[in-house]
Amino acid sequence: MTAWPVLRAASSGWTRRLVQTAVILVVLTASGAAALLGLTLLTSANEYFYSGFADQHGAELAVTVDAARVTPAQLAATRRLAGVTQAAGPYPEVTVTLATSGSAAGEQGRPTGSGRGSGKPHGRGAAGPPSAGGGMSVPGLTVVGRASRGGPMDDLTLNGGHFVTGPGQISLAIYQPIRVAPGSTVTVTSAPGRPKLTVVGFAGSAVRDEDAWVTPAQVAALRPKGAAPQEQMLYNFTQAGTVTQIHHDIAALKAALPAGAVVGTVSWLASSDQTGAEQSVNTAFVVAFAVIGLALAVLIVANVASGAVVAAYRRIGVLKSIGFTPAQVTAVYVTQIGVPALAGSLVGVALGNKWVIPTLNNGGGVFEAGRQYVPAWINVAVPLGMCALVAVAALLPALRAGRLSAVQAISAGQAPRQGRGYAAHRLAGVLALPRPVTIGLAAPFSRPARSAVTFAAITFGLIAVVLAVGIDSSLAKINAGATKGQGQVQIGPGGGAPGQGLTARQDRVISAALRAQPGTLHYVAESDLGFPGAEPVVRVPALGHVLVPVIAYQGDSAGLGWILLSGTWFHGPGQVVVTSGFLAQAHLSVGDSVTITVNGKAIRALITGQVSGGIQGPALATSRQTLGSAAAGLAVFEYDVTLRPGTSVRAYLSAVTRSLGPDYFVGTPGRGAPGYQLIDTSYIRLLTLMMAILAGLGVLNSVLMVTRERVHDLGVFKAIGMTPRQTVTMVTCWVVVPAIAAAVIGLPAGMILHNGVMQALARDINQGLPGTSELPGVFLDVYAAGELTLLALAGLVIAAAGALLPATWAALTRTTTALRAE
Amino acid sequence: MTVRRSRVGARQDGLKRSATVGPVTRRRATGAVRQHGVTEVPHTELTRYARCSSSYGGYGAVVDSLVVITDVTKRYAADGRPALDGVSLGVAAGEAVAVMGPSGSGKSTLLNLIAGLDRPTSGTITVGGERIDSLSETGVARFRRRQVGMIFQFFNLLDDLTVADNVLLPAQLAGVPRGKARDAAGELLARLGIERYRNSYPGRLSGGERQRVAIARALVNSPAVLLADEPTGAVDTATGEEIGELLLDLNRSGQTLVLVTHSPDLAARYARRVIRLVDGRVAADTATDTAAMARP
């Protein structure tokens, strides 16, 4: 088969059908980009962590030791322990409170990115960056002395500015909450003399143990008065791939060192989970949108292909009459569709790479930018896969074209079409609506195949919009719910060891300050129990060895606004509320009794309610009275304050901070639920817009094909006096019935998909924690009746937008040209 | 069969009669030659005929005609041969005019221009006192509803609509009240002998029946002028004669008719005046024997 005639015939098709060529190009570009994004996130989220971790010689375990309890020789000996393959350190380490300028009048936050236990129930009080304020004070930051970014282990990335080169400088970790420009000054408020340091840059560690770096000599000056010197050791092991293996490795280290020498550990698994979570949280909905995009692409391409053939029957007849073989005719149409499809998918892959790489590199910035890339096999598979889909969609109509005889093709191109949709036209004719409207409403029934494509395109677009609105609403509810139960303002100790509560004096000072503030409506003292290594030790026999954080309130906590999923808040001693994870793991229900042991003392309580408050896993809230004497001496961790309506949060924070001074933490609860806050809603919006555009293009193409097929009828309408506006109205009304049908199908389908995607998200984020993988219905029931109506109208808008261009073309077509068309 | 007269024909009935008398008398006085059933007036007499084709004389006739075309040129390509080249003519109310000529002579272009389906490159066109060459697309569509009824060679009916709906459509587009439109359509279907097909679809009708439907559709808004482009071209001879008689009857009732045809017989039998176009110009503009015989 000679290629040139085929190419020539195909290329003239591109130029004669410019709009359809452009539609194929845009559709394949958009769906190719979405497919690449989805496939990359689906298959490779953690591959980047592993490759980046290896590139940066990450440490599998970072251990903080009390330097006063261990000698250098003992530390050195741990390098030779069985199972240790590599070790680095010791690096001097200190825990500090950093404040930025304006922090007296601003809000304060808690560290978020460090993998170390913060002394809070997982997820509470460390749930995302603090809300915007004039300055910040962040306690509990781990600062390590490093002479350079490189080393035998744990190469640090550079994410802006430069690394510390001398005294008075600090490099902040990219994943901690302080965001200031290089050159800014931070104050170490926990250190004697409150030294100031200049922020010279941002860096990242693969293991995420450190929150900042200074020169080794600087560390001693930052140590709080009376605090023991600490050092960081880094280790790799022969076996450290699971939590069990890590625990075994930690146990071996503790056994090799004096008792109490190991004060903290951070494993690479937490960082891996964090990085993977940051990417995989986006996977569920990206994949959903990518599937919608692919379905739309197939639909549109098949429609374009069949339309190109049907519209060109006469041309096919002419080609055959001048000597084109059936195979050549088939090749013409496959090429006519395939070349713009290939071009579109290649552009889509390029755009997808540009789009997805920042996401891959957004693993907390702990890996060198540009090191993360889309695997080569995905870059090849996506365009090949898209072209294969296109080839399948285009092949059948192209084969049909090839099989037509020349005479058949020419006469088929000229024969008048059989009328269809008679009943619909009769029914529409009796409606008391303008005639162009009734003709337009009935027209889809005359072209059922084209109308089905229009309907499908609108349905997919509507599903995407419904999904996006639902995800947005669910995330808003979940993230808002995470801050419930913490009041509007939180006040606690400004420094000290993690998990250390208020002293009795601090307790009195805070209470007095709160009583004196006119904006205070209500406050509750909160004590948190049950975090590792701290007293008192809390156990729930029904949960075995699982640690159970307990929040004990002193005062009326019912108004704190926890989200009750079932039952009621506790109203007196001997009552508790628990999380879904608690009930699932303990195999209990609301109304059951449960035994809690505090420092070995058993306490029996009634479960009155099931709550959600941003806590993953099992947790329990109750009153101090329920704990009874077991709570004797239990320090208050923080005060949760509810403000009078109309009180400015910012002004209240300033006033309380001025009243208490810098030694206290005064701030608002962090926004967002762990994991869910990582979801990139800009992705959702961009993908939704893409799908809506694709759906609009699908409608445009379908309506364009019908207007081309019916151009003669349009000429007749215009010849007997239809004005341009009436023509636009009529053509636009062609899509109304498919849009209504699409709403009937698309709305419930979108809602079902929303449920599925949110549950998949919950499973990804909660990583199979029992009782947390199923999202409660309160977070899924997000579609109000009015919103559903608007969403249905969204389908109509998509449809009308897609129909407008062909409608305008129809109105502008010269009547004489249209009448000559057959 | 009687057909409702065109509005213009009804108003100008008295004027129309006097307009038809004059040319007959003058033509015979100049010794015109009869050729192909059409009495041709030598070209030197053409201008006088055109000027005197009504009792008004001179260009007064052109000005008072229902359709006035003045120095119209139509080019489809800037450097191409014009489809019409400086054509000036008038059609009086109640006239039946046949436009003839070889392929590419500009017949259909002339018809399209009168219908407002196309715009002249230069020159002016006035129909029923309304200048149409400068109207907007919307304006010209509204003009067509009111003033023009079009009949096409291949009928151009809408296959999705019944016969009745096809006929009603121009009235519905013009916003005629439903009841009034239905009455008008029903009357037309009855008068054209196709009422029994009102609920049928065009695809099931014969060519002659479809053309009757097309004629009914063209008449439903009582247009000032009926334009027919090869109305018998797609039907057999017998049916063509039926259609021709139908058009003749319409014209006898006062309907102004402009008819494009290849057939000299059709022109001779059903038109009273023949305009011959060659290469976009009026080569002849003559009364036919039919006109000579038919006029009192």
# chains A, B, ... in the order shown; residues from 1 in each chain; ligands from 1
call {"tool": "residues_around", "arguments": {"residues": "Gly402 (chain A)", "least_positions_apart": "2", "cutoff": "6 Å", "atoms": "only C-alpha atoms", "output": "ChimeraX atom specification"}}
result
/A:326,329-330,399-400,404
call {"tool": "interface_residues", "arguments": {"of": "chain B", "to": "chain A", "cutoff": "6 Å", "atoms": "only C-alpha atoms", "output": "ChimeraX atom specification"}}
result
/B:138,141-142,144-145,159-160,170
call {"tool": "write_last_selection", "arguments": {"atoms": "C-alpha atoms", "output": "PDB file, in the first residue's frame"}}
result
ATOM      1  CA  THR B 138     -32.970  38.658  11.465  1.00  0.00           C
ATOM      2  CA  ALA B 141     -35.777  36.238   7.946  1.00  0.00           C
ATOM      3  CA  ARG B 142     -38.776  38.245   9.134  1.00  0.00           C
ATOM      4  CA  ARG B 144     -39.253  36.198   4.172  1.00  0.00           C
ATOM      5  CA  ARG B 145     -42.013  35.158   6.555  1.00  0.00           C
ATOM      6  CA  ASP B 159     -39.206  14.654   7.157  1.00  0.00           C
ATOM      7  CA  ASP B 160     -39.617  14.669  10.949  1.00  0.00           C
ATOM      8  CA  PRO B 170     -43.854  29.448   8.776  1.00  0.00           C
TER       9      PRO B 170
END
call {"tool": "select_by_dssp", "arguments": {"residues": "region 292-485 of chain A", "states": "helix (DSSP H, G or I)", "output": "ChimeraX atom specification"}}
result
/A:292-311,313-321,326-360,376-403,406-414,422-429,435-446,448-482
call {"tool": "residues_around", "arguments": {"residues": "region 89-99 of chain B", "least_positions_apart": "2", "cutoff": "6 Å", "atoms": "only C-alpha atoms", "output": "list in words"}}
result
Gly9, Val62, Ser65, Leu66, Val67, Val68, Ile69, Gly254, Gln255, Thr256, Leu257, Val258, Leu259, Val260, Ala267, Ala271, Arg272, Arg273, Val274, Ile275 and Arg276 of chain B
call {"tool": "closest_residue", "arguments": {"among": "B:His262, B:Lys107, B:Arg196, B:Arg269", "to": "Gly244 (chain B)", "atoms": "only C-alpha atoms"}}
result
B:Arg269
call {"tool": "residues_around", "arguments": {"residues": "Thr73 (chain B)", "least_positions_apart": "5", "cutoff": "6 Å", "atoms": "only C-alpha atoms", "output": "PyMOL selection string"}}
result
chain B and resi 84-86+120-122
call {"tool": "write_last_selection", "arguments": {"atoms": "all heavy atoms", "output": "short mmCIF file (atom, residue, chain, number, x, y, z; two decimals), in the first residue's frame"}}
result
data_model
loop_
_atom_site.label_atom_id
_atom_site.label_comp_id
_atom_site.auth_asym_id
_atom_site.auth_seq_id
_atom_site.Cartn_x
_atom_site.Cartn_y
_atom_site.Cartn_z
N LEU B 84 -24.58 37.60 -11.50
CA LEU B 84 -25.52 38.56 -12.08
C LEU B 84 -24.74 39.85 -12.34
O LEU B 84 -23.91 40.23 -11.51
CB LEU B 84 -26.69 38.86 -11.13
CG LEU B 84 -27.74 37.77 -10.95
CD1 LEU B 84 -28.79 38.21 -9.94
CD2 LEU B 84 -28.42 37.44 -12.27
N ASP B 85 -25.03 40.48 -13.45
CA ASP B 85 -24.19 41.62 -13.85
C ASP B 85 -25.09 42.79 -14.23
O ASP B 85 -25.58 42.88 -15.35
CB ASP B 85 -23.30 41.20 -15.02
CG ASP B 85 -22.24 42.25 -15.33
OD1 ASP B 85 -22.16 43.26 -14.61
OD2 ASP B 85 -21.50 42.06 -16.32
N GLY B 86 -25.28 43.68 -13.26
CA GLY B 86 -26.01 44.91 -13.55
C GLY B 86 -27.44 44.70 -13.99
O GLY B 86 -27.92 45.35 -14.92
N PRO B 120 -26.90 41.02 -2.67
CA PRO B 120 -26.18 41.42 -3.88
C PRO B 120 -24.84 42.05 -3.51
O PRO B 120 -24.70 42.61 -2.42
CB PRO B 120 -27.12 42.47 -4.51
CG PRO B 120 -27.91 43.00 -3.38
CD PRO B 120 -28.06 41.89 -2.40
N THR B 121 -23.90 41.93 -4.39
CA THR B 121 -22.61 42.60 -4.20
C THR B 121 -22.79 44.11 -4.36
O THR B 121 -22.17 44.89 -3.66
CB THR B 121 -21.58 42.09 -5.22
OG1 THR B 121 -21.56 40.66 -5.16
CG2 THR B 121 -20.20 42.65 -4.95
N SER B 122 -23.65 44.49 -5.31
CA SER B 122 -23.99 45.90 -5.46
C SER B 122 -25.40 46.00 -6.03
O SER B 122 -25.93 45.03 -6.56
CB SER B 122 -22.98 46.61 -6.36
OG SER B 122 -23.01 46.04 -7.65
#
call {"tool": "select_by_dssp", "arguments": {"residues": "region 198-283 of chain B", "states": "strand (DSSP E or B)", "output": "list in words"}}
result
Val225, Leu226, Leu227, Ala228, Asp229, Thr256, Leu257, Val258, Leu259, Val260, Arg273, Val274, Ile275, Arg276, Leu277, Val278, Arg281, Val282 and Ala283 of chain B
